[in-house]
Structure formats: structure tokens, C-alpha cells
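Peer 1: Next comes work.txt, compact mmCIF, C-alpha atoms:
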```txt
# COMPACT_ATOMS: atom_id res chain seq x y z
CA MET A 1 -19.47 -12.48 7.25
CA THR A 2 -20.66 -9.35 5.43
CA THR A 3 -22.39 -6.59 7.37
CA ASP A 4 -25.54 -5.33 5.66
CA ARG A 5 -25.24 -1.80 4.25
CA PRO A 6 -28.73 -1.09 2.87
CA THR A 7 -28.02 2.34 1.38
CA LEU A 8 -25.07 1.03 -0.62
CA GLY A 9 -27.11 -1.99 -1.71
CA ILE A 10 -29.93 0.26 -2.95
CA LEU A 11 -27.51 2.51 -4.87
CA LEU A 12 -25.91 -0.51 -6.50
CA MET A 13 -29.31 -1.84 -7.52
CA LEU A 14 -30.12 1.58 -9.00
CA GLY A 15 -26.89 1.36 -11.00
CA PHE A 16 -27.96 -2.06 -12.25
CA CYS A 17 -31.37 -0.68 -13.31
CA ILE A 18 -29.62 1.91 -15.48
CA LEU A 19 -26.83 -0.25 -16.87
CA ALA A 20 -28.82 -3.42 -17.65
CA PRO A 21 -31.28 -1.84 -20.13
CA LEU A 22 -28.43 0.22 -21.59
CA GLY A 23 -26.59 -3.03 -22.30
CA ASP A 24 -29.75 -4.50 -23.83
CA GLY A 25 -30.06 -1.38 -25.99
CA LEU A 26 -26.50 -1.85 -27.25
CA ALA A 27 -27.23 -5.52 -27.99
CA LYS A 28 -30.32 -4.51 -29.98
CA LEU A 29 -28.30 -1.87 -31.83
CA VAL A 30 -25.54 -4.23 -33.03
CA GLY A 31 -27.69 -7.39 -33.14
CA SER A 32 -28.65 -6.84 -36.77
CA SER A 33 -24.97 -6.95 -37.80
CA VAL A 34 -23.52 -9.64 -35.52
CA PRO A 35 -24.64 -13.29 -35.11
CA LEU A 36 -26.06 -14.17 -31.71
CA LEU A 37 -23.27 -16.56 -30.70
CA GLN A 38 -20.60 -13.96 -31.49
CA LEU A 39 -22.59 -11.30 -29.60
CA VAL A 40 -22.86 -13.43 -26.45
CA ALA A 41 -19.23 -14.59 -26.69
CA ALA A 42 -18.07 -10.97 -26.92
CA ARG A 43 -20.18 -10.08 -23.88
CA PHE A 44 -18.55 -12.75 -21.69
CA GLY A 45 -15.08 -12.47 -23.22
CA VAL A 46 -14.91 -8.78 -22.31
CA GLN A 47 -16.15 -9.61 -18.81
CA PHE A 48 -13.32 -12.10 -18.31
CA LEU A 49 -10.59 -9.84 -19.75
CA LEU A 50 -11.86 -6.78 -17.90
CA LEU A 51 -11.92 -8.38 -14.45
CA ILE A 52 -9.10 -10.91 -14.44
CA PRO A 53 -6.46 -8.24 -13.55
CA PHE A 54 -8.31 -7.84 -10.23
CA VAL A 55 -7.58 -11.48 -9.39
CA TRP A 56 -3.86 -11.31 -8.88
CA THR A 57 -2.95 -14.92 -8.05
CA GLY A 58 -3.89 -18.34 -9.28
CA ALA A 59 -5.58 -18.92 -5.95
CA GLY A 60 -8.01 -16.18 -6.88
CA LEU A 61 -9.47 -18.50 -9.53
CA LEU A 62 -10.09 -21.29 -7.03
CA LEU A 63 -13.47 -21.90 -5.47
CA PRO A 64 -13.87 -23.08 -1.87
CA ASN A 65 -15.43 -26.49 -2.54
CA ARG A 66 -16.88 -28.78 -5.19
CA ARG A 67 -20.46 -27.71 -4.44
CA VAL A 68 -19.60 -24.06 -5.21
CA VAL A 69 -17.80 -25.12 -8.40
CA TRP A 70 -20.88 -26.89 -9.74
CA LEU A 71 -23.23 -24.11 -8.65
CA THR A 72 -21.00 -21.55 -10.39
CA LEU A 73 -20.95 -23.63 -13.58
CA LEU A 74 -24.73 -23.99 -13.48
CA ARG A 75 -25.08 -20.25 -12.83
CA THR A 76 -22.85 -19.56 -15.86
CA ILE A 77 -24.91 -21.80 -18.14
CA LEU A 78 -28.10 -20.07 -16.95
CA HIS A 79 -26.46 -16.66 -17.46
CA ILE A 80 -25.42 -17.53 -21.03
CA SER A 81 -28.87 -18.93 -21.82
CA GLY A 82 -30.74 -15.97 -20.31
CA ILE A 83 -28.61 -13.31 -21.99
CA GLY A 84 -28.66 -15.16 -25.32
CA LEU A 85 -32.44 -15.50 -25.28
CA MET A 86 -32.86 -11.86 -24.27
CA PHE A 87 -30.56 -10.66 -27.04
CA LEU A 88 -32.46 -12.84 -29.52
CA SER A 89 -35.81 -11.43 -28.39
CA LEU A 90 -34.52 -7.90 -28.95
CA ARG A 91 -34.19 -8.65 -32.66
CA TYR A 92 -38.00 -8.70 -32.72
CA LEU A 93 -39.31 -6.75 -29.73
CA PRO A 94 -39.06 -3.13 -28.59
CA LEU A 95 -36.75 -2.77 -25.58
CA ALA A 96 -39.36 -1.68 -23.02
CA GLU A 97 -41.78 -4.48 -23.89
CA ALA A 98 -39.05 -7.15 -23.74
CA VAL A 99 -37.88 -5.98 -20.31
CA ALA A 100 -41.43 -5.65 -18.96
CA ILE A 101 -42.44 -9.15 -20.09
CA ALA A 102 -39.30 -10.58 -18.45
CA PHE A 103 -40.44 -9.03 -15.17
CA VAL A 104 -42.80 -11.94 -14.66
CA MET A 105 -39.66 -13.40 -13.00
CA PRO A 106 -40.53 -12.39 -9.39
CA PHE A 107 -43.91 -14.08 -9.72
CA ILE A 108 -42.24 -17.23 -11.04
CA MET A 109 -39.83 -17.23 -8.09
CA LEU A 110 -42.73 -16.91 -5.64
CA LEU A 111 -44.70 -19.70 -7.30
CA LEU A 112 -41.63 -21.97 -7.41
CA GLY A 113 -41.15 -21.44 -3.69
CA TRP A 114 -44.81 -22.33 -3.12
CA ALA A 115 -45.09 -25.31 -5.46
CA VAL A 116 -41.61 -26.85 -5.17
CA LEU A 117 -40.17 -25.77 -1.82
CA GLY A 118 -43.43 -25.80 0.13
CA GLU A 119 -43.11 -22.17 1.22
CA VAL A 120 -46.21 -20.56 2.72
CA VAL A 121 -47.80 -18.18 0.19
CA GLY A 122 -51.16 -16.71 1.12
CA PRO A 123 -54.08 -16.14 -1.26
CA ARG A 124 -53.47 -12.41 -1.67
CA ARG A 125 -49.96 -12.98 -2.93
CA LEU A 126 -51.20 -15.69 -5.31
CA ILE A 127 -53.85 -13.27 -6.58
CA ALA A 128 -51.14 -10.62 -7.04
CA CYS A 129 -49.14 -13.14 -9.10
CA ALA A 130 -52.20 -13.77 -11.29
CA VAL A 131 -52.77 -10.02 -11.70
CA GLY A 132 -49.10 -9.46 -12.54
CA PHE A 133 -49.20 -12.25 -15.11
CA ALA A 134 -52.34 -10.69 -16.61
CA GLY A 135 -50.40 -7.43 -16.90
CA THR A 136 -47.63 -9.32 -18.67
CA LEU A 137 -50.17 -10.69 -21.15
CA LEU A 138 -51.35 -7.13 -21.83
CA VAL A 139 -47.75 -6.16 -22.65
CA THR A 140 -47.34 -9.27 -24.79
CA GLN A 141 -50.60 -8.95 -26.72
CA PRO A 142 -49.82 -6.03 -29.07
CA THR A 143 -46.27 -7.30 -29.60
CA PHE A 144 -47.51 -10.86 -30.26
CA ALA A 145 -49.95 -9.49 -32.83
CA THR A 146 -47.03 -7.84 -34.62
CA VAL A 147 -44.15 -10.34 -34.39
CA GLY A 148 -45.80 -13.64 -33.34
CA TRP A 149 -44.15 -16.24 -31.09
CA PRO A 150 -40.87 -14.30 -30.48
CA ALA A 151 -42.94 -12.11 -28.13
CA LEU A 152 -42.92 -15.09 -25.74
CA MET A 153 -39.11 -15.26 -25.54
CA PRO A 154 -38.86 -12.89 -22.54
CA LEU A 155 -41.05 -15.34 -20.59
CA GLY A 156 -38.28 -17.90 -21.09
CA VAL A 157 -35.77 -15.26 -19.97
CA ALA A 158 -37.83 -14.79 -16.80
CA VAL A 159 -37.76 -18.50 -15.93
CA ILE A 160 -34.01 -18.74 -16.55
CA PHE A 161 -33.16 -15.66 -14.51
CA ALA A 162 -35.44 -16.76 -11.65
CA LEU A 163 -33.19 -19.81 -11.29
CA PHE A 164 -30.09 -17.65 -11.86
CA MET A 165 -31.09 -15.32 -9.02
CA LEU A 166 -31.75 -18.19 -6.62
CA ILE A 167 -28.25 -19.57 -7.23
CA THR A 168 -26.63 -16.11 -7.09
CA ARG A 169 -28.16 -15.49 -3.65
CA GLN A 170 -26.45 -18.64 -2.39
CA LEU A 171 -23.07 -17.92 -3.96
CA VAL A 172 -22.58 -14.25 -3.03
CA ARG A 173 -22.24 -15.15 0.66
CA GLU A 174 -19.43 -17.60 -0.14
CA VAL A 175 -17.58 -16.05 -3.10
CA GLU A 176 -16.37 -12.45 -3.48
CA PRO A 177 -18.34 -10.81 -6.35
CA ILE A 178 -15.42 -9.93 -8.65
CA ARG A 179 -13.93 -13.41 -8.26
CA LEU A 180 -17.34 -14.94 -9.02
CA GLN A 181 -17.68 -12.82 -12.17
CA VAL A 182 -14.14 -13.63 -13.33
CA ILE A 183 -14.66 -17.36 -12.88
CA SER A 184 -18.10 -17.20 -14.53
CA GLY A 185 -16.56 -15.29 -17.44
CA GLY A 186 -13.83 -17.92 -17.73
CA TYR A 187 -16.35 -20.75 -17.72
CA ALA A 188 -18.40 -18.93 -20.37
CA CYS A 189 -15.35 -18.51 -22.61
CA LEU A 190 -14.50 -22.21 -22.25
CA LEU A 191 -18.05 -23.08 -23.31
CA LEU A 192 -18.55 -20.48 -26.07
CA LEU A 193 -15.18 -20.15 -27.83
CA PRO A 194 -15.06 -23.78 -29.07
CA LEU A 195 -18.59 -23.33 -30.42
CA LEU A 196 -17.51 -20.12 -32.15
CA ILE A 197 -14.50 -21.84 -33.73
CA LEU A 198 -16.52 -24.87 -34.86
CA SER A 199 -19.23 -22.62 -36.31
CA ASP A 200 -16.83 -20.58 -38.45
CA GLY A 201 -17.85 -21.10 -42.07
CA SER A 202 -20.88 -23.19 -41.16
CA GLY A 203 -23.31 -20.74 -42.73
CA LEU A 204 -25.61 -20.92 -39.70
CA ALA A 205 -27.11 -17.46 -39.40
CA GLU A 206 -26.90 -17.05 -35.62
CA MET A 207 -23.62 -18.97 -35.11
CA ASP A 208 -21.22 -18.30 -37.99
CA PRO A 209 -18.94 -15.41 -36.86
CA VAL A 210 -18.45 -12.40 -39.13
CA ALA A 211 -15.75 -9.75 -39.50
CA VAL A 212 -16.74 -6.46 -37.90
CA ASP A 213 -15.61 -2.89 -38.52
CA ALA A 214 -14.16 -0.60 -35.87
CA ASP A 215 -17.51 0.92 -34.87
CA ILE A 216 -19.19 -2.46 -34.35
CA GLY A 217 -16.10 -3.76 -32.55
CA LEU A 218 -16.18 -0.79 -30.17
CA SER A 219 -19.89 -1.36 -29.57
CA LEU A 220 -19.19 -5.01 -28.70
CA VAL A 221 -16.52 -3.99 -26.21
CA LEU A 222 -18.85 -1.39 -24.70
CA LEU A 223 -21.59 -4.02 -24.47
CA GLY A 224 -19.24 -6.27 -22.52
CA VAL A 225 -18.16 -3.46 -20.19
CA VAL A 226 -21.72 -2.29 -19.47
CA GLY A 227 -23.00 -5.83 -19.00
CA THR A 228 -20.14 -6.69 -16.64
CA LEU A 229 -20.66 -3.57 -14.52
CA ALA A 230 -24.43 -4.19 -14.44
CA HIS A 231 -24.14 -7.70 -13.08
CA LEU A 232 -21.38 -6.72 -10.65
CA ALA A 233 -23.74 -4.05 -9.31
CA LEU A 234 -26.51 -6.66 -9.01
CA THR A 235 -24.26 -9.16 -7.25
CA TRP A 236 -22.87 -6.54 -4.85
CA SER A 237 -26.34 -5.20 -4.09
CA LEU A 238 -27.38 -8.68 -2.90
CA ARG A 239 -24.18 -8.90 -0.85
CA PHE A 240 -24.59 -5.57 0.94
CA ALA A 241 -28.36 -5.55 1.49
CA PRO A 242 -31.10 -8.14 2.01
CA ALA A 243 -32.92 -9.15 -1.15
CA ALA A 244 -36.18 -7.85 0.33
CA THR A 245 -34.61 -4.38 0.61
CA VAL A 246 -33.28 -4.07 -2.94
CA ALA A 247 -35.97 -6.03 -4.83
CA PRO A 248 -38.43 -3.11 -5.10
CA MET A 249 -35.70 -0.97 -6.71
CA GLN A 250 -35.36 -3.47 -9.52
CA TYR A 251 -38.69 -2.35 -10.99
CA LEU A 252 -37.00 0.93 -11.96
CA GLU A 253 -35.45 -1.08 -14.78
CA ILE A 254 -38.77 -0.93 -16.68
CA PRO A 255 -39.08 2.88 -16.90
CA MET A 256 -35.34 3.09 -17.60
CA ALA A 257 -35.77 0.61 -20.47
CA THR A 258 -38.68 2.69 -21.76
CA LEU A 259 -36.54 5.84 -21.71
CA ILE A 260 -33.52 4.17 -23.32
CA GLY A 261 -35.74 2.52 -25.95
CA TRP A 262 -37.20 5.89 -26.86
CA LEU A 263 -33.81 7.66 -26.93
CA MET A 264 -32.06 4.98 -29.00
CA PHE A 265 -34.83 3.66 -31.25
CA ARG A 266 -37.79 6.06 -30.83
CA ASP A 267 -39.82 3.07 -29.59
CA PHE A 268 -42.55 3.75 -27.04
CA PRO A 269 -45.16 1.29 -25.69
CA ASN A 270 -48.73 1.80 -26.87
CA ASP A 271 -51.61 2.38 -24.42
CA ILE A 272 -52.36 -1.32 -23.88
CA ALA A 273 -48.70 -2.13 -23.25
CA MET A 274 -48.35 0.83 -20.87
CA LEU A 275 -51.38 -0.40 -18.91
CA GLY A 276 -49.80 -3.85 -18.71
CA ILE A 277 -46.46 -2.40 -17.58
CA THR A 278 -48.23 -0.44 -14.83
CA ILE A 279 -50.07 -3.55 -13.64
CA VAL A 280 -46.84 -5.60 -13.60
CA ILE A 281 -45.07 -2.95 -11.49
CA VAL A 282 -47.95 -2.52 -9.01
CA ALA A 283 -48.50 -6.27 -8.60
CA GLY A 284 -44.78 -6.90 -8.21
CA LEU A 285 -44.38 -4.21 -5.58
CA TYR A 286 -47.40 -5.61 -3.71
CA VAL A 287 -45.83 -9.10 -3.67
CA ILE A 288 -42.57 -7.64 -2.35
CA TRP A 289 -44.44 -5.69 0.35
CA ARG A 290 -46.28 -8.81 1.49
CA GLU A 291 -43.00 -10.76 1.53
CA ASN A 292 -41.43 -8.08 3.73
CA SER A 293 -44.45 -8.13 6.03
CA ALA A 294 -44.22 -11.89 6.38
CA GLN A 295 -40.50 -11.73 7.18
CA ARG A 296 -40.98 -9.03 9.81
CA SER A 297 -43.83 -10.94 11.47
CA PRO A 298 -43.29 -14.64 10.73
CA SER A 299 -45.83 -15.68 13.32
CA SER A 300 -48.56 -13.75 11.51
CA ASN A 301 -48.32 -15.98 8.41
CA ALA A 302 -49.06 -12.94 6.24
CA PRO A 303 -51.13 -13.92 3.17
```
What's the C-alpha cells form of this structure?

Peer 2:
Amino acid sequence: MTTDRPTLGILLMLGFCILAPLGDGLAKLVGSSVPLLQLVAARFGVQFLLLIPFVWTGAGLLLPNRRVVWLTLLRTILHISGIGLMFLSLRYLPLAEAVAIAFVMPFIMLLLGWAVLGEVVGPRRLIACAVGFAGTLLVTQPTFATVGWPALMPLGVAVIFALFMLITRQLVREVEPIRLQVISGGYACLLLLPLLILSDGSGLAEMDPVAVDADIGLSLVLLGVVGTLAHLALTWSLRFAPAATVAPMQYLEIPMATLIGWLMFRDFPNDIAMLGITIVIVAGLYVIWRENSAQRSPSSNAP
């Protein structure tokens, strides 16, 4: 059983908030030169090769029971789908807007708990979800006017990663984080490499692999390293601190994405998008505060 260490959990979540948008920025940078399937395969291949030395024995690749095996496989499929859709959206969207739109995820998780699991969610939290979604629409609107339907892709990312986070929270108490990432990377390679081989010469724009020069190859390796460290930091943060403690920190990813987007691409959200980003952050933090209040005083049935 892991003892909670809130300070370490918060620092790890801060590391994730820096590394995750940096990885997205790298994906956007090389995405115009590398097909999507090859980009995602490189991301997970580096993860597997980077971490497998830390699992010294064959037993390190074993999972405790069949339930954990299937959950890990499902988590891997969600991870591949979420990262692939995010990378694809970055071909069309500025970095800050894509990240901000994807931050409808906490509202989706709350609504899923209310509608599917029967969790008690009071009217003020439901109103905050509606306000946060309205903020997301404000972020989406100027981008949608420019690029059309691809502006909706981060909403799909949000749904996928809401499910990914729910499964991760179950697994991190049963599987050591590095072992979980190694096994997930292995599963991803088993799923993606055959597709990459079969797609060679197919002519499909997002699947047919291409030869890359040294600079692009180095960028792909760096993308894999940054992405691996980001999700290790996320997994460890949930292991060392309660989700309610680290969740507010995750909203720092939006201003970090804004900064990285400006530094790498000179992209900066317009006034409408900035207003939407602000609303998303405020509404999300309010939902988290109400959740914490409800957990501290369960008898109060905080709305």
C-alpha cells in the first residue's frame, strides 16, 4: 500500500503540465513531415525501448491477474487513440486551442459519474459543467471558423482520455508505474508495428511510412522520451497523491501550452479564445473545489 505524499504528487503533476504540451509541440513540429501512424508508433516504440531496461526479469512483464491484463490492454488502446487524435488535431489547430478544448475532459468525467454511475452531483456543479462547456465553445468558435470540423477533434480526445484516466486510477494502485508503462508500450508496439508494416507502400497519406533524415529522426526520439516522461509523471502523481489534490494543478497545462505554442510557432489565442480559456479554467477549478468539499463532508451532500 502506497503512502500519500502530496508534495511529491503535486511536483510530478507540474512536471506533466510542462512535458505534455512540449511533447504536443514536437508532434506538431514534425507532423507535417511524418505520417500519423509512424508518428504514434515512434512515440510508443521509444517508450518501450526507454523503459524496458528498468524491468530486469521476465516476471517484470507479468501482470497480477487477468482483469489487470485486460484493463491494461484497454488503457493502451485508449492511449493510442487519444494521442493519435491529438496529434492529428495539431495538424490543423494551434497548440493552446487544442489543449484548451481537450480540457472539457473533467466535465465529461463528472457527467459520466452522474449519468452512468449514479454519483450525486448537485446543481451548482452541473451549472459549472455547462459554463465550462460554453467556454470550450468560445475556444472552438474562432478555430472552427478557420479550419472547420477538425476543431472538434480535441473533444474526442477529451472523451477518450476521460476513460483513460478512470482506468489509470484503478491500475496505479495495483501495478508499479514503470512496469505499467513498459507493458503498455509493448502492447502498443504489438498493435502498431504490424499496421506499419502492412501500410508500407500503400500510398495512404497518414499510414504509409516514409524515410526520415537525422533531424526528424532525432525529433521523433525526443518526442518519445518527452511523452514517456510526461505520462510517467502523471501516473506517479496519481500514485503519490489523491486525485483531488493534483487535479487543480493539471490546469497549468493550458498556460504552458500557450507559452510553448508562442515560443515554437508564434501562435497566440485571440481575445475570444482567451476568454473561453479563462472560463474553462475557472469552471474546472470550481468543479474540483466542490468535489473536494463533498469528499471532506460527505454527509453535507455538497451541490

Peer 1: I'd like the contact shell of segment 253-257 of chain A - 6 Å cut-off, all atoms listed in the file, skipping same-chain residues fewer than 6 positions apart - returned as a VMD selection string.

Peer 2: chain A and resid 17 21 96 100

Peer 1: Using all atoms listed in the file, which residue out of A:Ile18, A:Leu204, A:Met264, A:Leu196 lies closest to Gln250 of chain A?

Peer 2: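 Smallest separation from Gln250 of chain A among the options: A:Ile18.
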
Peer 1: Give me the residues of segment 131-183 of chain A that have any atom at most 6 Å from an atom of segment 61-83 of chain A; for each, the nearest atom pair and the distance in Å, rounded to one decimal. Use all atoms listed in the file, sort by chain and number, and format it as a tab-separated table.

Peer 2:
```
residue	atom	partner	partner_atom	distance
A:Val157	CA	A:Gly82	CA	5.1
A:Ile160	CA	A:Gly82	CA	5.7
A:Phe164	CA	A:Arg75	CA	5.7
```

Peer 1: What does the structure give for the distance between atom CA of Leu19 of chain A and atom CA of Leu95 of chain A, in Å to one decimal?

Peer 2: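 These atoms are spaced 13.4 Å apart.
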
Peer 1: Could you tell me which of A:Ile272, A:Leu171, A:Val131, A:Ile260 comes closest to Ser184 of chain A if we count all atoms listed in the file?

Peer 2: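 Among A:Ile272, A:Leu171, A:Val131, A:Ile260, it is A:Leu171 that comes nearest to Ser184 of chain A.
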
Peer 1: Compare A:Val246, A:Leu85, A:Leu155, A:Leu51 by their minimum atom-to-atom distance to Asp24 of chain A, counting all atoms listed in the file, and give me the closest one.

Peer 2: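 Looking only at the distances to Asp24 of chain A, the closest residue turns out to be A:Leu85.
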
Peer 1: Could you work out how far atom CA of Pro154 of chain A lies from atom CA of Pro177 of chain A, giving the answer in Å with one decimal?

Peer 2: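 The value is 26.2 Å.
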
Peer 1: My list of candidates is A:Ala102, A:Leu90, A:Cys189, A:Gln170. Which is closest to Val147 of chain A when distances are computed with all atoms listed in the file?

Peer 2: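 Using all atoms listed in the file, Val147 of chain A sits closest to A:Leu90.
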
Peer 1: Nearest to Asp267 of chain A: which of A:Ala98, A:Leu252, A:Leu12, A:Ile108 is it, counting only C-alpha atoms?

Peer 2: A:Ala98

Peer 1: Considering all atoms listed in the file, state which residue in the set A:Ala145, A:Arg124, A:Gly156, A:Arg179 is at the smallest distance from Ile101 of chain A.

Peer 2: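 Closest to Ile101 of chain A, using all atoms listed in the file: A:Gly156.
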
Peer 1: State, in Å with one decimal place, the distance from atom CA of Gly135 of chain A to atom CA of Trp289 of chain A.

Peer 2: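 Pair atom CA of Gly135 of chain A / atom CA of Trp289 of chain A returns 18.3 Å.
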
Peer 1: Name all residues at most 10 Å from Leu192 of chain A (count only C-alpha atoms; drop same-chain ones fewer than 4 positions away) and give them as a count of residues only.

Peer 2: 13

Peer 1: Write out as number ranges by chain each polymer residue whose atoms come within 8 Å of Ala273 of chain A, counting only C-alpha atoms; drop sequence neighbours fewer than 3 positions from it.

Peer 2: A: 97, 138-142, 269-270, 276-277
